[in-house]
Every structure is written in structure tokens, then in C-alpha cells.
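Worksheet: one structure, shown below.
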Amino acid sequence: MIRFAFAGRVSTEDQQDPNASRNWQVGRARALIDHHGHIVTEFFDVGQSRSIPWKRRPQASQLLDMLARPDRGFDAVVIGEPQRAFYGNQFGLTFPVFVHYGVQLWVPEVGGPIDPESEAHDLIMSVFGGMSKGERNRIKIRVRAAMAAQTQVEGRYLGGRPPYGYRLADAGPHPNPSKAADGKRLHTLEPDPATAPVVQRIFHEYLTGLGFFAIAQRLTNEDIPCPSANDRDRNRHRSGIAWSKSAVRVILTNPRYTGHEVWNKQRKQESLIDVDDVALGH
């Protein structure tokens with residue numbers, strides 16, 4: 001009987017429970033190797049994006065290191081789904097290591113071990129890597145487009161820290177029936193009775209000709225708590241002693257105070273870690 005190591009992955013962007021994802025991936029792997037052997041060890045990465053290469057995934061990297069050890073304790077590796085394991089050209093950069101150390105890689109879509117001499121198997125795995133990359137890109141585009149529309153068209157509050165002068169208010173049940181059934185609700189921003197008058201005052205004084213520094217100095221002299229002093233739980237890294245002209249500037253330039261909801265002011269940008277070693281990923 002063949003001793004197998006199971007390799008899998010789940011990430012936060014998959015929106016799945018890690019235990020549930022692991023269970024169905026292990027189930028597919030066991031169905032494939034039934035009557036051939038059994039799983040003796042696992043290498044399952046949680047919270048790792050599929051775009052991250054194997055060498056940068058903790059469990060996958062450990063598996064690659066184990067391949068070189070004669071006492072590794074397993075004879076072959078089985079995965080539950082290739083799209084979870086390989087992204088883009090990761091298969092072409094990883095499988096040669098398996099071949100070098102004589103460790104078979106079993107995949108359900110191939111029906112057994114991948115034949116390193118088979119062009120068909122290589123093509124199949126390359127296709128799944130491309131599908132995985134395409135799926136991730138489509139998800140990003142759909143999510144960004146949907147959230148932009150919810151913000152611009154519906155004026156929905158989509159998270160983040162409420163700006164100074166506002167507080168969160170309930171806006172009814174979530175429009176998604178399944179999320180509503182779980183008790184999730186929408187939220188909106190409403191003026192905070194304690195701080196909204198300060199924001200109105202800042203705009204009024206700016207329109208009368210006062211500058212950022214003058215406004216900040218007046219508020220400080222009157223012992224009006226600045227934004228960081230008003231919310232100490234989120235601003236422990238700031239002193240909260242006085243108003244700064246930058247705090248006044250941020251309020252005056254925030255479009256939310258003019259009635260427009262804002263989303264995606266900060267976004268993730270993926271860049272190559274090393275332009276001389278593309279295999280390290282982004």
C-alpha cells in the first residue's frame with residue numbers, strides 16, 4: 001500500500017470555513033487513492049492566497065523540503081483539487097521537484113498519478129493553473145464593480161472607520177436572504193450629536209476665511225477633544241492632546257461631509273517581490 005501525504009489550501013478570499021474546505025478536499029483525495037493506499041500526513045495551508053507560490057506557503061514549503069528527505073514517511077502526494085493547489089505557472093515550477101525526488105503527485109482530474117512524460121497531463125495541469133488565475137481575477141473584478149455600484153448608486157456604507165462627526169446606525173436587514181437569515185444587517189452613517197456640530201463649525205469658519213492652523217488653534221483653546229481624543233480605542237498610537245491642522249484639512253477634504261459615500265480610497269496593489277526571480281510571486 002502506498003503512503004500518501006495530502007496537500008491542500010484554503011484562503012480568506014475563498015470565503016469558506018477552513019474545516020469544511022479541508023474536509024471536502026480530503027474527501028476527494030481519499031476517493032482517488034482508495035484501494036491504492038492511505039493518507040499518513042497532511043500539509044494544509046490556511047489563509048494563504050492561491051497566488052502565493054508554494055515556497056512562500058508555510059505548509060507547502062514544508063512539504064517541498066520533506067521531498068528531499070529519505071525518511072519523509074510518505075511515498076506520494078495527493079491533492080483534492082488542482083485549482084486550489086496551483087495558480088498560473090506554479091505547476092511547471094513545482095512538479096519538477098517531485099519528479100527529481102521520485103515522488104508521485106496524484107490528482108483527481110487526471111485519475112491517478114501525473115505522468116511526467118505525458119504531454120496531455122502537462123497540458124491539463126497548465127489549463128487548471130490558468131483557470132485558477134482567471135477565476136481569481138474574475139472574482140476581484142466582480143467584487144470591486146459590485147461594491148463600487150453599491151457605494152455610488154445606493155450610497156451604502158461598506159465598512160471602515162466612521163469619520164469624525166458620524167456614527168453607525170442600523171439600516172435594516174441585509175438584502176442577501178442567506179445573510180439576513182444569519183442576522184446580518186446593513187449599516188449607514190448618521191450625524192453624531194456630540195461631534196457633528198464641531199464639523200459644521202469647521203466648515204463655517206473655513207468659509208469665513210480662517211485657515212487650517214487658526215481653526216485647529218481655536219478648537220484646542222476651547223478644550224474641544226480632537227478626533228483621536230474622541231475615539232481613544234482606535235487611536236492609542238496618537239497623543240490626542242490637541243487639534244492639528246492636518247486633522248482639519250482631512251475633514252474639509254473628505255467628500256463624505258458633502259453627502260457622498262466613498263469606497264476604495266485604499267486598495268491593494270500587487271507588485272513583483274523580485275524582478276530577477278519571478279517565481280517568488282507578488
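In the C-alpha cells, chains take the letters A, B, ... in the order shown, each chain's residues start at 1, and ligands count up from 1 in the order shown.
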
**Message:** Would you pick out the contacts of Trp263 (chain A) at 8 Å or less, using only C-alpha atoms, so that residues sharing its chain but fewer than 5 positions from it are not included, and give the list as a list in words?
**Reply:**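 The residues that qualify are Met147, Ala148, Thr151 and Leu158 of chain A.
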
Exercise for review: Within 10 Å of region 105-113 of chain A, counting only C-alpha atoms, which residues show up once you throw out same-chain ones fewer than 6 positions away? Write them as a ChimeraX atom specification, please.
Suggested key: /A:4-7,28-33,36,75-82,95,98-99,120-121,124-125,128

Contact residues around Arg3 (chain A) with only C-alpha atoms at 8 Å, ignoring same-chain residues under 6 positions, as a PDB file with C-alpha atoms, in the first residue's frame:
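Heads up, here's the output in result.pdb:
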```
ATOM      1  CA  GLY A  37      -3.070   3.426  -0.169  1.00  0.00           C
ATOM      2  CA  HIS A  38      -3.921   5.783   2.679  1.00  0.00           C
ATOM      3  CA  ILE A  39      -3.046   9.284   3.883  1.00  0.00           C
ATOM      4  CA  VAL A  40      -0.415   9.294   6.628  1.00  0.00           C
ATOM      5  CA  GLY A  73       7.457   8.924   5.783  1.00  0.00           C
ATOM      6  CA  PHE A  74       5.357   9.043   2.595  1.00  0.00           C
ATOM      7  CA  ASP A  75       5.755   7.717  -0.929  1.00  0.00           C
ATOM      8  CA  ALA A  76       3.423  10.022  -2.910  1.00  0.00           C
TER       9      ALA A  76
END
```

Could you name the residues that touch Leu64 (chain A) at 10 Å or less, counting only C-alpha atoms, but leaving out those on the same chain fewer than 5 positions away, as a PDB file with all heavy atoms, in the first residue's frame?
```pdb
ATOM      1  N   TRP A  54       4.326  28.063  -3.873  1.00  0.00           N
ATOM      2  CA  TRP A  54       4.462  27.016  -2.868  1.00  0.00           C
ATOM      3  C   TRP A  54       5.561  27.318  -1.861  1.00  0.00           C
ATOM      4  O   TRP A  54       5.425  27.040  -0.686  1.00  0.00           O
ATOM      5  CB  TRP A  54       4.739  25.678  -3.567  1.00  0.00           C
ATOM      6  CG  TRP A  54       3.492  25.008  -4.057  1.00  0.00           C
ATOM      7  CD1 TRP A  54       2.485  25.574  -4.777  1.00  0.00           C
ATOM      8  CD2 TRP A  54       3.119  23.641  -3.847  1.00  0.00           C
ATOM      9  NE1 TRP A  54       1.511  24.652  -5.039  1.00  0.00           N
ATOM     10  CE2 TRP A  54       1.870  23.454  -4.495  1.00  0.00           C
ATOM     11  CE3 TRP A  54       3.718  22.564  -3.216  1.00  0.00           C
ATOM     12  CZ2 TRP A  54       1.216  22.234  -4.496  1.00  0.00           C
ATOM     13  CZ3 TRP A  54       3.078  21.334  -3.224  1.00  0.00           C
ATOM     14  CH2 TRP A  54       1.825  21.165  -3.850  1.00  0.00           C
ATOM     15  N   LYS A  55       6.667  27.914  -2.316  1.00  0.00           N
ATOM     16  CA  LYS A  55       7.792  28.169  -1.412  1.00  0.00           C
ATOM     17  C   LYS A  55       7.448  29.187  -0.334  1.00  0.00           C
ATOM     18  O   LYS A  55       8.102  29.238   0.703  1.00  0.00           O
ATOM     19  CB  LYS A  55       9.011  28.659  -2.207  1.00  0.00           C
ATOM     20  CG  LYS A  55       9.711  27.576  -3.004  1.00  0.00           C
ATOM     21  CD  LYS A  55      10.968  28.113  -3.656  1.00  0.00           C
ATOM     22  CE  LYS A  55      11.726  27.026  -4.401  1.00  0.00           C
ATOM     23  NZ  LYS A  55      12.968  27.540  -5.030  1.00  0.00           N
ATOM     24  N   GLN A  59       2.924  25.451   4.872  1.00  0.00           N
ATOM     25  CA  GLN A  59       2.790  24.000   4.797  1.00  0.00           C
ATOM     26  C   GLN A  59       3.305  23.454   3.473  1.00  0.00           C
ATOM     27  O   GLN A  59       3.968  22.405   3.432  1.00  0.00           O
ATOM     28  CB  GLN A  59       1.322  23.603   4.994  1.00  0.00           C
ATOM     29  CG  GLN A  59       0.805  23.835   6.391  1.00  0.00           C
ATOM     30  CD  GLN A  59       1.492  22.940   7.404  1.00  0.00           C
ATOM     31  OE1 GLN A  59       1.555  21.722   7.244  1.00  0.00           O
ATOM     32  NE2 GLN A  59       2.025  23.549   8.452  1.00  0.00           N
ATOM     33  N   ARG A  69      14.050  14.432   1.813  1.00  0.00           N
ATOM     34  CA  ARG A  69      14.478  13.608   2.944  1.00  0.00           C
ATOM     35  C   ARG A  69      14.125  12.138   2.723  1.00  0.00           C
ATOM     36  O   ARG A  69      12.964  11.809   2.432  1.00  0.00           O
ATOM     37  CB  ARG A  69      13.812  14.111   4.226  1.00  0.00           C
ATOM     38  CG  ARG A  69      14.217  15.515   4.607  1.00  0.00           C
ATOM     39  CD  ARG A  69      13.488  16.000   5.845  1.00  0.00           C
ATOM     40  NE  ARG A  69      13.626  15.073   6.972  1.00  0.00           N
ATOM     41  CZ  ARG A  69      13.125  15.306   8.182  1.00  0.00           C
ATOM     42  NH1 ARG A  69      12.468  16.433   8.418  1.00  0.00           N
ATOM     43  NH2 ARG A  69      13.294  14.421   9.151  1.00  0.00           N
ATOM     44  N   THR A  94       6.834  23.693  -9.856  1.00  0.00           N
ATOM     45  CA  THR A  94       6.821  22.832  -8.682  1.00  0.00           C
ATOM     46  C   THR A  94       6.974  21.353  -9.005  1.00  0.00           C
ATOM     47  O   THR A  94       7.733  20.628  -8.338  1.00  0.00           O
ATOM     48  CB  THR A  94       5.509  23.031  -7.890  1.00  0.00           C
ATOM     49  OG1 THR A  94       5.340  24.418  -7.596  1.00  0.00           O
ATOM     50  CG2 THR A  94       5.529  22.234  -6.585  1.00  0.00           C
ATOM     51  N   VAL A  97      10.275  19.260  -9.079  1.00  0.00           N
ATOM     52  CA  VAL A  97      10.872  18.866  -7.800  1.00  0.00           C
ATOM     53  C   VAL A  97      10.376  17.480  -7.407  1.00  0.00           C
ATOM     54  O   VAL A  97      11.144  16.640  -6.919  1.00  0.00           O
ATOM     55  CB  VAL A  97      10.534  19.896  -6.706  1.00  0.00           C
ATOM     56  CG1 VAL A  97      11.177  19.491  -5.374  1.00  0.00           C
ATOM     57  CG2 VAL A  97      11.001  21.283  -7.110  1.00  0.00           C
ATOM     58  N   PHE A  98       9.084  17.203  -7.619  1.00  0.00           N
ATOM     59  CA  PHE A  98       8.529  15.887  -7.341  1.00  0.00           C
ATOM     60  C   PHE A  98       9.217  14.827  -8.195  1.00  0.00           C
ATOM     61  O   PHE A  98       9.582  13.752  -7.718  1.00  0.00           O
ATOM     62  CB  PHE A  98       7.019  15.882  -7.616  1.00  0.00           C
ATOM     63  CG  PHE A  98       6.194  16.613  -6.596  1.00  0.00           C
ATOM     64  CD1 PHE A  98       6.087  17.988  -6.611  1.00  0.00           C
ATOM     65  CD2 PHE A  98       5.516  15.906  -5.613  1.00  0.00           C
ATOM     66  CE1 PHE A  98       5.325  18.662  -5.672  1.00  0.00           C
ATOM     67  CE2 PHE A  98       4.745  16.563  -4.660  1.00  0.00           C
ATOM     68  CZ  PHE A  98       4.652  17.946  -4.698  1.00  0.00           C
TER      69      PHE A  98
END
```

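When CA of Leu280 (chain A) is paired with CA of Pro53 (chain A), their separation reads 6.3 Å.
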
**Prompt:** region 50-213 of chain A: which residues are strand (DSSP E or B) by DSSP, as a list in words?
**Reply:**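 For region 50-213 of chain A, the strand (DSSP E or B) set is Ala76, Val77, Val78, Ile79, Gln104, Leu105, Trp106, Val107, Gly112, Pro113, Tyr166, Arg167, Leu168, Ala169, Asp170, Ala171, Gly172, Pro173, Arg185, Leu186, His187, Thr188, Leu189, Glu190 and Pro191 of chain A.
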
Review point. What is the CA of Asn254 (chain A) to CA of Arg185 (chain A) distance in Å?
Key: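 Calculated distance between CA of Asn254 (chain A) and CA of Arg185 (chain A) is 25.8 Å.
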
With distances taken over only C-alpha atoms, the candidate from A:Gly281, A:Leu210, A:Thr253, A:Tyr164 nearest Ala229 (chain A) is A:Tyr164

TODO: Could you please write out, as a ChimeraX atom specification, every residue of region 51-262 of chain A that DSSP assigns to helix (DSSP H, G or I)?
DONE: /A:54-56,58-67,82-85,90-100,119-152,177-181,196-207,212-221,227-230,245-253,255-258

A straight line from CA of Ala171 (chain A) to CA of Asp17 (chain A) spans 27.5 Å

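Using only C-alpha atoms, the residues found no farther than 8 Å from region 226-228 of chain A, other than those of its own chain fewer than 6 positions away, are Tyr164, Thr220, Arg234, Asn235, Arg236, Arg238, Ser239, Gly240, Ile241, Ala242, Trp243 and Ala247 of chain A.
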
(message) Give me the residues near Glu190 (chain A) as a ChimeraX atom specification, where near means some atom within 12 Å (using only C-alpha atoms) and where sequence neighbours in that chain fewer than 3 positions away do not count.
(response) /A:157,162-171,187,193-196,256-257,259,261

Can I get the selection written as a PDB file, in the first residue's frame, with C-alpha atoms?
```pdb
ATOM      1  CA  TYR A 157     -21.815  52.109   3.862  1.00  0.00           C
ATOM      2  CA  PRO A 162     -16.823  56.072  10.692  1.00  0.00           C
ATOM      3  CA  PRO A 163     -15.453  59.560  10.010  1.00  0.00           C
ATOM      4  CA  TYR A 164     -15.301  62.060  12.851  1.00  0.00           C
ATOM      5  CA  GLY A 165     -18.754  63.584  13.205  1.00  0.00           C
ATOM      6  CA  TYR A 166     -20.604  60.432  12.198  1.00  0.00           C
ATOM      7  CA  ARG A 167     -21.709  57.257  13.944  1.00  0.00           C
ATOM      8  CA  LEU A 168     -23.071  53.943  12.684  1.00  0.00           C
ATOM      9  CA  ALA A 169     -26.822  53.412  12.508  1.00  0.00           C
ATOM     10  CA  ASP A 170     -28.875  50.361  11.647  1.00  0.00           C
ATOM     11  CA  ALA A 171     -30.230  50.366   8.075  1.00  0.00           C
ATOM     12  CA  HIS A 187     -25.449  49.989   8.386  1.00  0.00           C
ATOM     13  CA  PRO A 193     -24.847  64.570  18.168  1.00  0.00           C
ATOM     14  CA  ALA A 194     -21.628  65.166  20.104  1.00  0.00           C
ATOM     15  CA  THR A 195     -19.205  65.769  17.230  1.00  0.00           C
ATOM     16  CA  ALA A 196     -21.297  66.723  14.184  1.00  0.00           C
ATOM     17  CA  ARG A 256     -18.417  62.206   2.924  1.00  0.00           C
ATOM     18  CA  TYR A 257     -19.160  65.512   4.604  1.00  0.00           C
ATOM     19  CA  GLY A 259     -23.168  63.800   1.196  1.00  0.00           C
ATOM     20  CA  GLU A 261     -20.382  57.870   0.212  1.00  0.00           C
TER      21      GLU A 261
END
```

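In this comparison, which uses only C-alpha atoms, the residue of A:Ala146, A:Ser118, A:Val10, A:Val127 approaching Ala85 (chain A) most closely is A:Val10.
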
Excluding Arg56 (chain A) and any residue of its chain fewer than 4 positions from it, enumerate the residues within 12 Å of it, using only C-alpha atoms, and give them as a PDB file with N, CA and C atoms, in the first residue's frame.
```pdb
ATOM      1  N   ASP A  45      -2.557  24.443   4.085  1.00  0.00           N
ATOM      2  CA  ASP A  45      -2.342  25.864   4.360  1.00  0.00           C
ATOM      3  C   ASP A  45      -3.675  26.574   4.539  1.00  0.00           C
ATOM      4  N   GLN A  48      -3.896  31.282   3.026  1.00  0.00           N
ATOM      5  CA  GLN A  48      -2.883  31.555   2.003  1.00  0.00           C
ATOM      6  C   GLN A  48      -3.557  31.703   0.643  1.00  0.00           C
ATOM      7  N   SER A  49      -3.357  32.820   0.003  1.00  0.00           N
ATOM      8  CA  SER A  49      -3.928  33.049  -1.318  1.00  0.00           C
ATOM      9  C   SER A  49      -3.323  32.087  -2.336  1.00  0.00           C
ATOM     10  N   ARG A  50      -4.129  31.719  -3.308  1.00  0.00           N
ATOM     11  CA  ARG A  50      -3.639  30.802  -4.344  1.00  0.00           C
ATOM     12  C   ARG A  50      -2.528  31.418  -5.179  1.00  0.00           C
ATOM     13  N   SER A  51      -2.456  32.745  -5.194  1.00  0.00           N
ATOM     14  CA  SER A  51      -1.420  33.411  -5.991  1.00  0.00           C
ATOM     15  C   SER A  51      -0.040  33.316  -5.341  1.00  0.00           C
ATOM     16  N   ILE A  52       0.018  32.926  -4.073  1.00  0.00           N
ATOM     17  CA  ILE A  52       1.304  32.810  -3.384  1.00  0.00           C
ATOM     18  C   ILE A  52       1.989  31.511  -3.790  1.00  0.00           C
ATOM     19  N   ALA A  60       3.018  24.127   2.384  1.00  0.00           N
ATOM     20  CA  ALA A  60       3.506  23.670   1.074  1.00  0.00           C
ATOM     21  C   ALA A  60       5.026  23.725   1.025  1.00  0.00           C
ATOM     22  N   SER A  61       5.612  24.761   1.603  1.00  0.00           N
ATOM     23  CA  SER A  61       7.070  24.866   1.649  1.00  0.00           C
ATOM     24  C   SER A  61       7.670  23.728   2.465  1.00  0.00           C
ATOM     25  N   GLN A  62       7.017  23.379   3.575  1.00  0.00           N
ATOM     26  CA  GLN A  62       7.493  22.259   4.391  1.00  0.00           C
ATOM     27  C   GLN A  62       7.419  20.952   3.618  1.00  0.00           C
ATOM     28  N   LEU A  63       6.361  20.803   2.830  1.00  0.00           N
ATOM     29  CA  LEU A  63       6.230  19.602   2.003  1.00  0.00           C
ATOM     30  C   LEU A  63       7.363  19.501   0.990  1.00  0.00           C
ATOM     31  N   LEU A  64       7.691  20.610   0.333  1.00  0.00           N
ATOM     32  CA  LEU A  64       8.791  20.601  -0.627  1.00  0.00           C
ATOM     33  C   LEU A  64      10.105  20.236   0.040  1.00  0.00           C
ATOM     34  N   GLN A  90       2.468  27.853 -11.555  1.00  0.00           N
ATOM     35  CA  GLN A  90       3.049  27.215 -10.368  1.00  0.00           C
ATOM     36  C   GLN A  90       3.298  25.726 -10.561  1.00  0.00           C
ATOM     37  N   ILE A 273       7.898  40.622  -6.108  1.00  0.00           N
ATOM     38  CA  ILE A 273       8.835  40.675  -4.992  1.00  0.00           C
ATOM     39  C   ILE A 273      10.250  40.873  -5.502  1.00  0.00           C
ATOM     40  N   ALA A 279       9.459  33.699 -10.038  1.00  0.00           N
ATOM     41  CA  ALA A 279       8.832  32.560  -9.363  1.00  0.00           C
ATOM     42  C   ALA A 279       8.453  32.864  -7.920  1.00  0.00           C
ATOM     43  N   LEU A 280       9.045  33.906  -7.325  1.00  0.00           N
ATOM     44  CA  LEU A 280       8.704  34.275  -5.951  1.00  0.00           C
ATOM     45  C   LEU A 280       7.318  34.880  -5.841  1.00  0.00           C
ATOM     46  N   GLY A 281       6.751  35.277  -6.983  1.00  0.00           N
ATOM     47  CA  GLY A 281       5.401  35.809  -6.973  1.00  0.00           C
ATOM     48  C   GLY A 281       5.341  37.279  -6.644  1.00  0.00           C
ATOM     49  N   HIS A 282       4.127  37.706  -6.289  1.00  0.00           N
ATOM     50  CA  HIS A 282       3.857  39.116  -6.000  1.00  0.00           C
ATOM     51  C   HIS A 282       3.729  39.350  -4.512  1.00  0.00           C
TER      52      HIS A 282
END
```

Using only C-alpha atoms, the residue out of A:Gln152, A:Asn264, A:Gln83, A:Asn176 with shortest distance to Gly134 (chain A) is A:Gln83

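Proximity of A:Asp122, A:Leu272, A:Arg72, A:Asp223 to Pro96 (chain A), computed with only C-alpha atoms, is greatest for A:Asp122.
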